[in-house]
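**Q** Here you go, this is coords.txt (compact mmCIF, C-alpha atoms).
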```txt
# COMPACT_ATOMS: atom_id res chain seq x y z
CA MET A 1 0.00 0.00 0.00
CA PRO A 2 1.44 3.44 -0.84
CA SER A 3 2.92 5.23 2.16
CA ASN A 4 0.62 8.22 1.86
CA GLN A 5 -2.46 5.99 2.11
CA ARG A 6 -1.43 4.02 5.18
CA ARG A 7 -3.11 4.59 8.48
CA GLY A 8 -1.49 7.51 10.31
CA TYR A 9 0.55 8.71 7.33
CA ALA A 10 -1.49 11.63 6.00
CA TYR A 11 1.33 13.47 4.27
CA LYS A 12 -0.60 15.06 1.43
CA SER A 13 -1.28 18.08 3.60
CA THR A 14 0.06 19.65 6.72
CA ARG A 15 -3.51 20.07 7.91
CA SER A 16 -4.65 17.42 10.34
CA PRO A 17 -8.14 16.51 11.55
CA TYR A 18 -6.61 16.79 15.03
CA ALA A 19 -5.23 20.28 14.53
CA ARG A 20 -8.03 21.77 16.65
CA PRO A 21 -9.23 19.10 19.05
CA SER A 22 -12.65 19.69 20.51
CA ARG A 23 -11.29 18.67 23.90
CA PRO A 24 -7.78 20.14 24.04
CA GLN A 25 -7.47 19.27 27.72
CA ARG A 26 -6.80 15.68 26.59
CA ASN A 27 -3.38 16.77 25.32
CA LYS A 28 -1.83 18.16 28.46
CA GLY A 29 1.27 16.03 28.14
CA PRO A 30 2.92 14.40 31.14
CA LYS A 31 2.42 15.83 34.60
CA HIS A 32 3.89 19.34 34.81
CA GLY A 33 4.27 19.37 31.00
CA GLN A 34 3.08 22.14 28.70
CA TYR A 35 0.13 21.93 26.33
CA ILE A 36 1.26 21.37 22.75
CA ASP A 37 -1.18 21.96 19.91
CA PRO A 38 -1.45 18.63 18.03
CA ALA A 39 -1.19 20.59 14.78
CA LYS A 40 2.51 21.04 15.60
CA PHE A 41 2.95 17.26 15.32
CA VAL A 42 1.89 17.31 11.64
CA LYS A 43 4.34 18.41 8.99
CA VAL A 44 5.44 17.16 5.59
CA ALA A 45 9.16 16.51 5.28
CA ASN A 46 11.01 19.13 3.26
CA PRO A 47 14.56 17.78 2.94
CA VAL A 48 17.23 20.38 2.40
CA LYS A 49 19.43 19.33 -0.49
CA ALA A 50 22.99 19.23 0.71
CA GLU A 51 25.24 21.50 -1.29
CA ASP A 52 28.22 19.87 -2.92
CA TYR A 53 31.21 20.52 -0.72
CA VAL A 54 34.78 20.35 -1.96
CA PRO A 55 37.10 20.05 1.05
CA LYS A 56 40.23 22.17 1.17
CA HIS A 57 42.16 19.29 2.71
CA LYS A 58 42.52 15.57 2.79
CA PHE A 59 43.31 13.99 6.15
CA ALA A 60 46.79 13.21 4.82
CA ASP A 61 47.39 16.98 4.43
CA PHE A 62 47.07 17.81 8.11
CA ASN A 63 50.34 18.33 9.97
CA ILE A 64 49.70 15.77 12.70
CA ASP A 65 51.54 12.95 14.45
CA LYS A 66 52.40 9.96 12.26
CA ARG A 67 50.55 7.56 14.61
CA LEU A 68 47.41 9.65 14.36
CA HIS A 69 47.69 9.62 10.56
CA GLU A 70 47.96 5.82 10.65
CA ASN A 71 44.88 5.43 12.85
CA ILE A 72 42.84 7.78 10.67
CA ALA A 73 43.85 5.87 7.55
CA ALA A 74 43.02 2.54 9.22
CA LYS A 75 39.53 3.89 9.91
CA GLY A 76 39.11 4.54 6.19
CA PHE A 77 38.93 8.32 6.46
CA VAL A 78 40.29 10.11 3.38
CA SER A 79 38.40 13.37 2.88
CA PRO A 80 37.12 15.27 5.91
CA THR A 81 33.50 16.35 6.32
CA PRO A 82 32.83 20.11 6.17
CA ILE A 83 32.99 20.57 9.96
CA GLN A 84 36.20 18.52 10.12
CA ASP A 85 37.76 20.29 7.15
CA GLN A 86 37.24 23.74 8.66
CA THR A 87 37.69 22.95 12.36
CA ILE A 88 40.76 20.71 12.48
CA GLU A 89 43.01 23.34 10.92
CA LEU A 90 41.89 25.97 13.44
CA GLY A 91 42.31 23.51 16.29
CA LEU A 92 45.85 22.68 15.21
CA GLU A 93 46.62 26.40 15.25
CA GLY A 94 45.59 26.52 18.92
CA LYS A 95 42.52 28.69 18.40
CA ASP A 96 39.28 28.53 20.38
CA VAL A 97 36.58 27.14 18.10
CA ILE A 98 32.79 27.22 18.00
CA GLY A 99 31.45 24.48 15.74
CA ILE A 100 27.81 24.64 14.66
CA ALA A 101 26.67 21.56 12.75
CA ASN A 102 23.90 19.01 12.60
CA THR A 103 24.29 15.82 14.59
CA GLY A 104 25.98 13.04 12.64
CA THR A 105 28.34 15.28 10.66
CA GLY A 106 31.61 14.08 12.19
CA LYS A 107 31.93 16.57 15.04
CA THR A 108 33.75 14.12 17.31
CA ALA A 109 36.73 13.69 14.99
CA ALA A 110 36.67 17.44 14.33
CA PHE A 111 37.82 18.11 17.89
CA LEU A 112 39.58 14.83 18.66
CA VAL A 113 42.14 15.07 15.85
CA PRO A 114 43.72 18.39 16.97
CA ILE A 115 43.42 17.45 20.65
CA LEU A 116 45.01 14.02 20.28
CA ASN A 117 47.78 15.50 18.16
CA LYS A 118 48.53 17.92 21.01
CA LEU A 119 48.46 15.15 23.62
CA MET A 120 50.72 12.89 21.54
CA THR A 121 53.31 15.60 20.98
CA ASP A 122 53.15 17.43 24.34
CA ARG A 123 53.04 15.11 27.35
CA SER A 124 52.30 17.98 29.75
CA SER A 125 48.95 18.74 28.06
CA LYS A 126 45.67 17.53 29.49
CA ALA A 127 42.19 17.67 27.95
CA LEU A 128 38.66 17.54 29.34
CA VAL A 129 35.72 16.58 27.11
CA VAL A 130 32.25 17.18 28.57
CA ALA A 131 29.11 15.63 27.02
CA PRO A 132 25.48 15.88 28.17
CA THR A 133 24.75 12.14 28.34
CA ARG A 134 26.46 8.90 29.26
CA GLU A 135 25.87 7.40 25.84
CA LEU A 136 27.44 10.33 24.01
CA ALA A 137 30.42 10.32 26.41
CA GLN A 138 30.91 6.60 25.73
CA GLN A 139 30.77 7.17 21.97
CA ILE A 140 33.42 9.89 22.25
CA GLU A 141 35.64 7.68 24.41
CA THR A 142 35.31 4.78 21.96
CA GLU A 143 36.45 6.98 19.07
CA ARG A 144 39.19 8.50 21.24
CA ARG A 145 40.60 5.05 21.99
CA TYR A 146 40.63 4.13 18.31
CA LEU A 147 42.25 7.34 17.07
CA SER A 148 44.89 7.43 19.82
CA LYS A 149 45.93 3.78 19.51
CA ASN A 150 49.67 3.32 20.09
CA GLY A 151 49.93 7.04 20.77
CA GLY A 152 50.68 6.89 24.48
CA VAL A 153 47.45 8.67 25.38
CA TYR A 154 45.69 7.51 28.53
CA GLY A 155 42.10 8.37 29.34
CA ALA A 156 39.39 8.17 31.97
CA LEU A 157 35.66 7.91 31.34
CA LEU A 158 33.62 9.55 34.11
CA ILE A 159 29.89 8.87 33.78
CA GLY A 160 27.02 8.15 36.13
CA GLY A 161 25.51 4.69 36.50
CA SER A 162 29.00 3.16 36.65
CA SER A 163 31.15 2.13 39.61
CA TYR A 164 33.49 4.71 41.09
CA GLY A 165 36.23 2.09 41.57
CA PRO A 166 37.48 1.82 37.97
CA GLN A 167 37.10 5.58 37.52
CA LEU A 168 39.23 6.30 40.59
CA ARG A 169 41.82 3.81 39.35
CA ASP A 170 41.97 5.53 35.95
CA LEU A 171 42.28 8.97 37.57
CA ARG A 172 45.13 7.78 39.78
CA SER A 173 46.95 6.79 36.57
CA ASN A 174 47.17 10.50 35.69
CA PRO A 175 45.24 10.40 32.37
CA ASN A 176 45.98 12.80 29.52
CA ILE A 177 42.29 13.09 28.65
CA VAL A 178 39.10 12.84 30.68
CA VAL A 179 35.73 12.32 28.98
CA GLY A 180 32.58 12.54 31.06
CA THR A 181 29.22 13.99 31.97
CA PRO A 182 28.91 17.17 34.08
CA GLY A 183 27.39 15.50 37.14
CA ARG A 184 29.97 12.74 37.53
CA ILE A 185 32.88 15.08 36.75
CA LYS A 186 31.61 17.41 39.49
CA ASP A 187 31.35 14.45 41.90
CA HIS A 188 35.02 13.62 41.38
CA ILE A 189 36.00 17.25 41.86
CA ASP A 190 34.03 17.36 45.12
CA GLN A 191 35.75 14.16 46.26
CA ARG A 192 39.12 15.67 45.27
CA SER A 193 39.88 12.78 42.94
CA LEU A 194 40.01 15.19 39.99
CA ASP A 195 41.86 18.51 39.83
CA LEU A 196 41.12 20.51 36.69
CA SER A 197 43.69 23.25 37.28
CA ARG A 198 46.21 21.55 34.95
CA TYR A 199 43.74 20.87 32.14
CA SER A 200 44.53 23.30 29.33
CA ILE A 201 42.14 21.97 26.66
CA VAL A 202 38.37 21.68 27.03
CA VAL A 203 35.54 20.51 24.80
CA LEU A 204 31.86 21.14 25.48
CA ASP A 205 30.01 18.84 23.08
CA GLU A 206 26.33 19.53 22.35
CA VAL A 207 26.35 22.62 24.54
CA ASP A 208 22.72 23.41 23.76
CA ARG A 209 21.60 20.05 25.12
CA MET A 210 23.65 20.45 28.27
CA LEU A 211 21.94 23.74 28.95
CA ASP A 212 18.53 22.24 28.09
CA MET A 213 19.17 19.55 30.68
CA GLY A 214 19.90 22.08 33.43
CA PHE A 215 23.69 21.75 33.57
CA VAL A 216 24.43 25.46 33.07
CA ASN A 217 25.76 26.05 36.61
CA ASP A 218 27.81 22.84 36.59
CA VAL A 219 29.33 23.77 33.22
CA LYS A 220 30.23 27.27 34.40
CA ALA A 221 31.81 25.81 37.53
CA LEU A 222 33.89 23.35 35.47
CA LEU A 223 35.12 26.07 33.10
CA GLY A 224 36.09 28.24 36.05
CA GLN A 225 38.38 25.54 37.46
CA LEU A 226 40.41 24.85 34.31
CA ALA A 227 43.85 26.27 33.61
CA PRO A 228 43.52 30.04 32.96
CA LYS A 229 45.38 29.73 29.67
CA ARG A 230 43.55 27.10 27.65
CA GLN A 231 42.14 26.13 24.30
CA SER A 232 38.39 25.62 24.10
CA PHE A 233 36.08 23.84 21.66
CA TYR A 234 32.31 24.37 21.74
CA PHE A 235 30.04 22.24 19.56
CA SER A 236 26.32 22.84 19.26
CA ALA A 237 23.47 22.26 16.84
CA THR A 238 21.99 25.67 17.75
CA MET A 239 23.41 29.00 18.87
CA ASP A 240 20.79 30.64 21.06
CA GLN A 241 21.31 33.42 23.60
CA ARG A 242 22.20 31.03 26.44
CA VAL A 243 24.92 29.31 24.43
CA SER A 244 26.39 32.50 22.98
CA SER A 245 26.41 34.15 26.42
CA LEU A 246 28.25 31.21 27.98
CA ILE A 247 30.87 31.18 25.23
CA ALA A 248 31.32 34.97 25.28
CA THR A 249 32.07 34.81 29.01
CA PHE A 250 34.81 32.19 28.77
CA SER A 251 36.09 32.45 25.16
CA PRO A 252 35.38 35.90 23.73
CA ASP A 253 37.86 35.43 20.84
CA ALA A 254 36.55 32.06 19.63
CA VAL A 255 36.31 31.52 15.87
CA THR A 256 32.92 30.30 14.64
CA VAL A 257 32.58 27.55 12.03
CA SER A 258 28.99 26.98 10.90
CA VAL A 259 28.15 24.22 8.43
CA LYS A 260 24.60 23.54 9.55
CA GLN A 261 22.15 22.97 6.68
CA GLY A 262 18.54 23.32 7.77
CA ASP A 263 16.91 21.73 10.79
CA THR A 264 17.20 18.01 11.37
CA SER A 265 13.39 17.85 11.50
CA SER A 266 13.21 19.04 7.88
CA ASN A 267 13.99 15.47 6.85
CA VAL A 268 11.18 14.03 8.98
CA HIS A 269 7.56 13.39 7.97
CA GLN A 270 5.47 14.20 11.04
CA ASP A 271 1.92 13.01 11.71
CA VAL A 272 -0.42 11.86 14.47
CA ILE A 273 -2.03 8.54 15.31
CA PRO A 274 -5.41 8.83 17.08
CA PHE A 275 -6.50 6.45 19.83
CA THR A 276 -9.54 6.23 22.08
CA ASP A 277 -8.42 4.09 25.03
CA LYS A 278 -5.46 2.07 26.34
CA HIS A 279 -6.42 -1.10 24.48
CA ASN A 280 -6.93 0.77 21.23
CA LYS A 281 -3.59 2.53 21.75
CA ILE A 282 -1.45 -0.60 22.22
CA GLU A 283 -3.22 -2.26 19.29
CA ALA A 284 -2.41 0.73 17.10
CA LEU A 285 1.25 0.54 18.15
CA HIS A 286 1.32 -3.21 17.48
CA ASN A 287 -0.08 -2.72 13.99
CA LEU A 288 2.36 0.09 13.30
CA LEU A 289 5.46 -1.86 14.35
CA ILE A 290 4.68 -4.77 12.02
CA GLU A 291 4.40 -2.57 8.93
CA PRO A 292 7.29 -3.08 6.44
CA LEU A 293 8.19 0.60 6.37
CA VAL A 294 9.02 0.55 10.09
CA THR A 295 12.49 -0.96 9.92
CA LYS A 296 14.15 0.57 12.99
CA SER A 297 12.20 2.57 15.55
CA ILE A 298 12.57 4.43 18.83
CA VAL A 299 9.40 4.50 20.91
CA PHE A 300 9.31 7.27 23.50
CA GLU A 301 7.48 7.09 26.79
CA ALA A 302 7.19 9.80 29.43
CA THR A 303 8.36 7.92 32.54
CA GLN A 304 10.61 5.04 33.56
CA ARG A 305 7.61 3.07 34.80
CA ASN A 306 5.80 3.51 31.50
CA VAL A 307 8.89 2.34 29.60
CA GLU A 308 9.00 -0.82 31.72
CA ARG A 309 5.29 -1.51 31.20
CA LEU A 310 5.48 -0.97 27.45
CA GLU A 311 8.54 -3.21 27.22
CA ASP A 312 6.63 -5.99 29.00
CA ASP A 313 3.54 -5.48 26.82
CA LEU A 314 5.48 -5.64 23.56
CA ARG A 315 7.53 -8.66 24.65
CA ALA A 316 4.29 -10.44 25.54
CA ARG A 317 3.11 -9.75 21.99
CA GLY A 318 6.25 -11.35 20.57
CA PHE A 319 8.29 -8.25 19.79
CA ASN A 320 12.03 -8.35 20.39
CA VAL A 321 12.64 -4.96 22.02
CA ALA A 322 15.17 -3.23 24.23
CA ALA A 323 14.62 -0.39 26.70
CA ILE A 324 16.68 2.35 28.29
CA HIS A 325 15.86 4.87 31.01
CA GLY A 326 17.64 6.65 33.84
CA GLY A 327 16.80 3.95 36.36
CA LYS A 328 18.78 1.27 34.54
CA THR A 329 22.47 0.70 35.22
CA GLN A 330 24.97 1.92 32.70
CA GLY A 331 25.73 -1.68 31.76
CA GLN A 332 22.05 -2.34 31.02
CA ARG A 333 21.76 0.84 28.98
CA LYS A 334 24.89 0.03 26.99
CA ARG A 335 23.74 -3.52 26.22
CA ALA A 336 20.33 -2.25 25.09
CA LEU A 337 21.83 0.45 22.88
CA ASP A 338 24.42 -1.92 21.41
CA ALA A 339 21.67 -4.43 20.56
CA PHE A 340 19.76 -1.65 18.82
CA LYS A 341 22.79 -0.40 16.90
CA GLU A 342 23.74 -3.92 15.84
CA ASN A 343 20.17 -4.67 14.65
CA LYS A 344 19.69 -7.43 17.20
CA VAL A 345 16.49 -5.59 18.11
CA SER A 346 14.62 -3.25 15.80
CA THR A 347 12.70 -1.30 18.47
CA LEU A 348 14.15 0.70 21.35
CA ILE A 349 11.86 2.07 24.07
CA ALA A 350 13.25 5.12 25.86
CA THR A 351 12.65 8.16 28.01
CA ASP A 352 13.78 11.60 26.84
CA VAL A 353 16.86 11.89 29.04
CA ALA A 354 18.14 8.40 28.26
CA ALA A 355 17.79 8.94 24.51
CA ARG A 356 19.60 12.28 24.29
CA GLY A 357 22.91 10.67 23.41
CA ILE A 358 21.63 8.20 20.85
CA ASP A 359 23.36 8.58 17.49
CA VAL A 360 22.11 5.77 15.23
CA PRO A 361 22.03 6.80 11.56
CA ASP A 362 19.38 4.39 10.24
CA VAL A 363 16.40 5.02 12.54
CA SER A 364 13.35 5.01 10.25
CA HIS A 365 10.70 5.98 12.81
CA VAL A 366 10.38 7.92 16.03
CA ILE A 367 7.12 7.04 17.76
CA ASN A 368 5.85 9.32 20.52
CA TYR A 369 3.75 6.79 22.43
CA GLY A 370 3.89 9.08 25.44
CA LEU A 371 3.65 12.82 24.83
CA PRO A 372 6.75 14.96 25.33
CA GLN A 373 6.73 17.46 28.18
CA THR A 374 7.73 20.36 25.93
CA TYR A 375 7.91 21.06 22.21
CA GLU A 376 11.68 21.31 22.60
CA ASP A 377 11.71 17.72 23.87
CA TYR A 378 9.64 16.78 20.83
CA THR A 379 12.17 18.26 18.42
CA HIS A 380 14.99 16.42 20.20
CA ARG A 381 13.04 13.17 19.90
CA ILE A 382 12.24 13.38 16.22
CA GLY A 383 15.82 14.39 15.44
CA ARG A 384 16.75 10.73 15.98
CA ALA A 385 15.19 9.96 12.56
CA GLY A 386 15.94 11.44 9.15
CA ARG A 387 19.71 11.47 9.56
CA ALA A 388 22.54 11.30 7.04
CA GLY A 389 20.31 12.75 4.30
CA LYS A 390 17.59 10.12 4.72
CA VAL A 391 13.89 10.85 5.19
CA GLY A 392 12.45 9.61 8.46
CA TYR A 393 9.04 9.51 10.14
CA ALA A 394 7.75 10.84 13.44
CA LEU A 395 4.35 9.68 14.66
CA THR A 396 2.67 11.00 17.80
CA PHE A 397 -0.19 9.25 19.60
CA ILE A 398 -3.04 11.66 20.36
CA GLU A 399 -6.13 10.74 22.39
CA ARG A 400 -9.37 11.83 20.78
```
Kindly transcribe the structure held in the file into structure tokens.

**A**
Amino acid sequence: MPSNQRRGYAYKSTRSPYARPSRPQRNKGPKHGQYIDPAKFVKVANPVKAEDYVPKHKFADFNIDKRLHENIAAKGFVSPTPIQDQTIELGLEGKDVIGIANTGTGKTAAFLVPILNKLMTDRSSKALVVAPTRELAQQIETERRYLSKNGGVYGALLIGGSSYGPQLRDLRSNPNIVVGTPGRIKDHIDQRSLDLSRYSIVVLDEVDRMLDMGFVNDVKALLGQLAPKRQSFYFSATMDQRVSSLIATFSPDAVTVSVKQGDTSSNVHQDVIPFTDKHNKIEALHNLLIEPLVTKSIVFEATQRNVERLEDDLRARGFNVAAIHGGKTQGQRKRALDAFKENKVSTLIATDVAARGIDVPDVSHVINYGLPQTYEDYTHRIGRAGRAGKVGYALTFIER
């Protein structure tokens, strides 16, 4: 059946029969959430055609350590992405850099290459990389390990949900680079197991998300404890007043590199799925998940308890699913995310906070089974689909 004729896929028009519900009080969102007009959940994808980009460099052109060159070549990298092409050179020159780019454009290598080159060639240098979520911090650390192989660089990964023992052991080994989340980094500072005064390089990755998640005071405190003379990298998908104010305070001379092309949501067809009661709702989800077009999906729920219930319900119906939320251990979250990435399961059930660090390029559908608390949360959710130039789908369940 054509996609525009399937139930819940009314993409011929941005108008929806649920744009003006007769009982808007039904869509109040989770407790303490804001009302979101269902019409905002309906939008036809309008993909922005990526402009042809001719990089100024190849990775082989960069003046970096031979071991780093070897690791980059082993990874199969030849030509840098736009954000890498423009940022690495500035980073190697020692400049403070603001990188504005869509998720999935190679931002991690854009800051890791100049930082690792510095750490490999100057043993007195130390770097701190701060990410908003455990999953993103783990992804950065995985790439760091690969790119710094045989380079004499030692690291520590400081994230919540993991034992302090291994982290304390790694910190006692005097690492060159620390990757972590704001909360756990702050815990180690408070326990005096981490002293940032000698760290002369800092990266704030996905700054906008960190501020969205309420880490603004923690981030300011971390920046204030670093070495006075330092190099800073700030990466963000957006540059609003909060982000620009933070950067202006700590790095007024930073050079901005912007390669963002449209909003991530431009690549996402958005529509609603109506339901009348709990039984009707789970049946609608069941029918949706078995459709051929739904190849890899993230289903969002509002609370940890709801995630657990939905996981049980779908397993009972024969679906092979995985789930992540803040109440699970880091090991459980990692196993669930790995199973999703490796296509061992095709459906991941998640809360907003747990899903913030998910970077899986082939997600076909984001399904808002539970309403987001804010429209900003909604845009973060649907940004998981429609990546790497592909068109994705976002479907939101609305009670009628």

**Q** Might you pull out every residue within 9 Å of range 67-76 of chain A, with all atoms listed in the file counted and same-chain residues fewer than 2 positions away left off, and present them as JSON, numbers by chain?

**A** {"A": [59, 60, 62, 64, 65, 78, 113, 116, 117, 120, 146, 147, 148, 149, 150, 151]}

**Q** List the spatial neighbours of range 281-291 of chain A as JSON, numbers by chain - criterion: any atom at most 9 Å away, only C-alpha atoms, same-chain residues fewer than 2 positions off excluded.

**A** {"A": [7, 8, 273, 274, 275, 276, 277, 278, 279, 293, 294, 295, 297, 310, 313, 314, 317, 319, 347, 367, 369, 397, 399]}

**Q** Hey, can you pull every residue with an atom no more than 12 Å from (51.4, 19.9, 27.7), using only C-alpha atoms, and send it as a ChimeraX atom specification?

**A** /A:115-127,176-177,198-201,227,229-231

**Q** Write out as a PyMOL selection string which residues come within 8 Å of range 251-257 of chain A when counting all atoms listed in the file, dropping same-chain ones fewer than 2 positions away.

**A** chain A and resi 83+86-87+95-100+232+247-249+259

**Q** For Pro292 in chain A, which of A:Ser346, A:Gln84, A:Thr181, A:Asn368 is the closest residue, counting all atoms listed in the file?

**A**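 Smallest distance to Pro292 in chain A is found for A:Ser346.
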
**Q** Could you state the separation of CA of Asn280 in chain A and CA of Thr396 in chain A in Å, given to one decimal place?

**A**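 Straight-line distance from CA of Asn280 in chain A to CA of Thr396 in chain A works out to 14.4 Å.
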
**Q** I'd like to know which of A:Gln138, A:Leu194, A:Leu128, A:Phe300 is closest to Asp338 in chain A, using all atoms listed in the file.

**A**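 Of A:Gln138, A:Leu194, A:Leu128, A:Phe300, the one nearest Asp338 in chain A is A:Gln138, counting all atoms listed in the file.
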
**Q** Kindly give the distance, in Å, that separates CA of Gln373 in chain A and CA of Gln139 in chain A, rounded to a single decimal.

**A**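 The value is 26.9 Å.
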
**Q** When you count all atoms listed in the file, which of these residues is closest to Lys43 in chain A: A:Thr108, A:Ser244, A:Gln191, A:Gln270?

**A**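 For Lys43 in chain A, the nearest of the candidates is A:Gln270.
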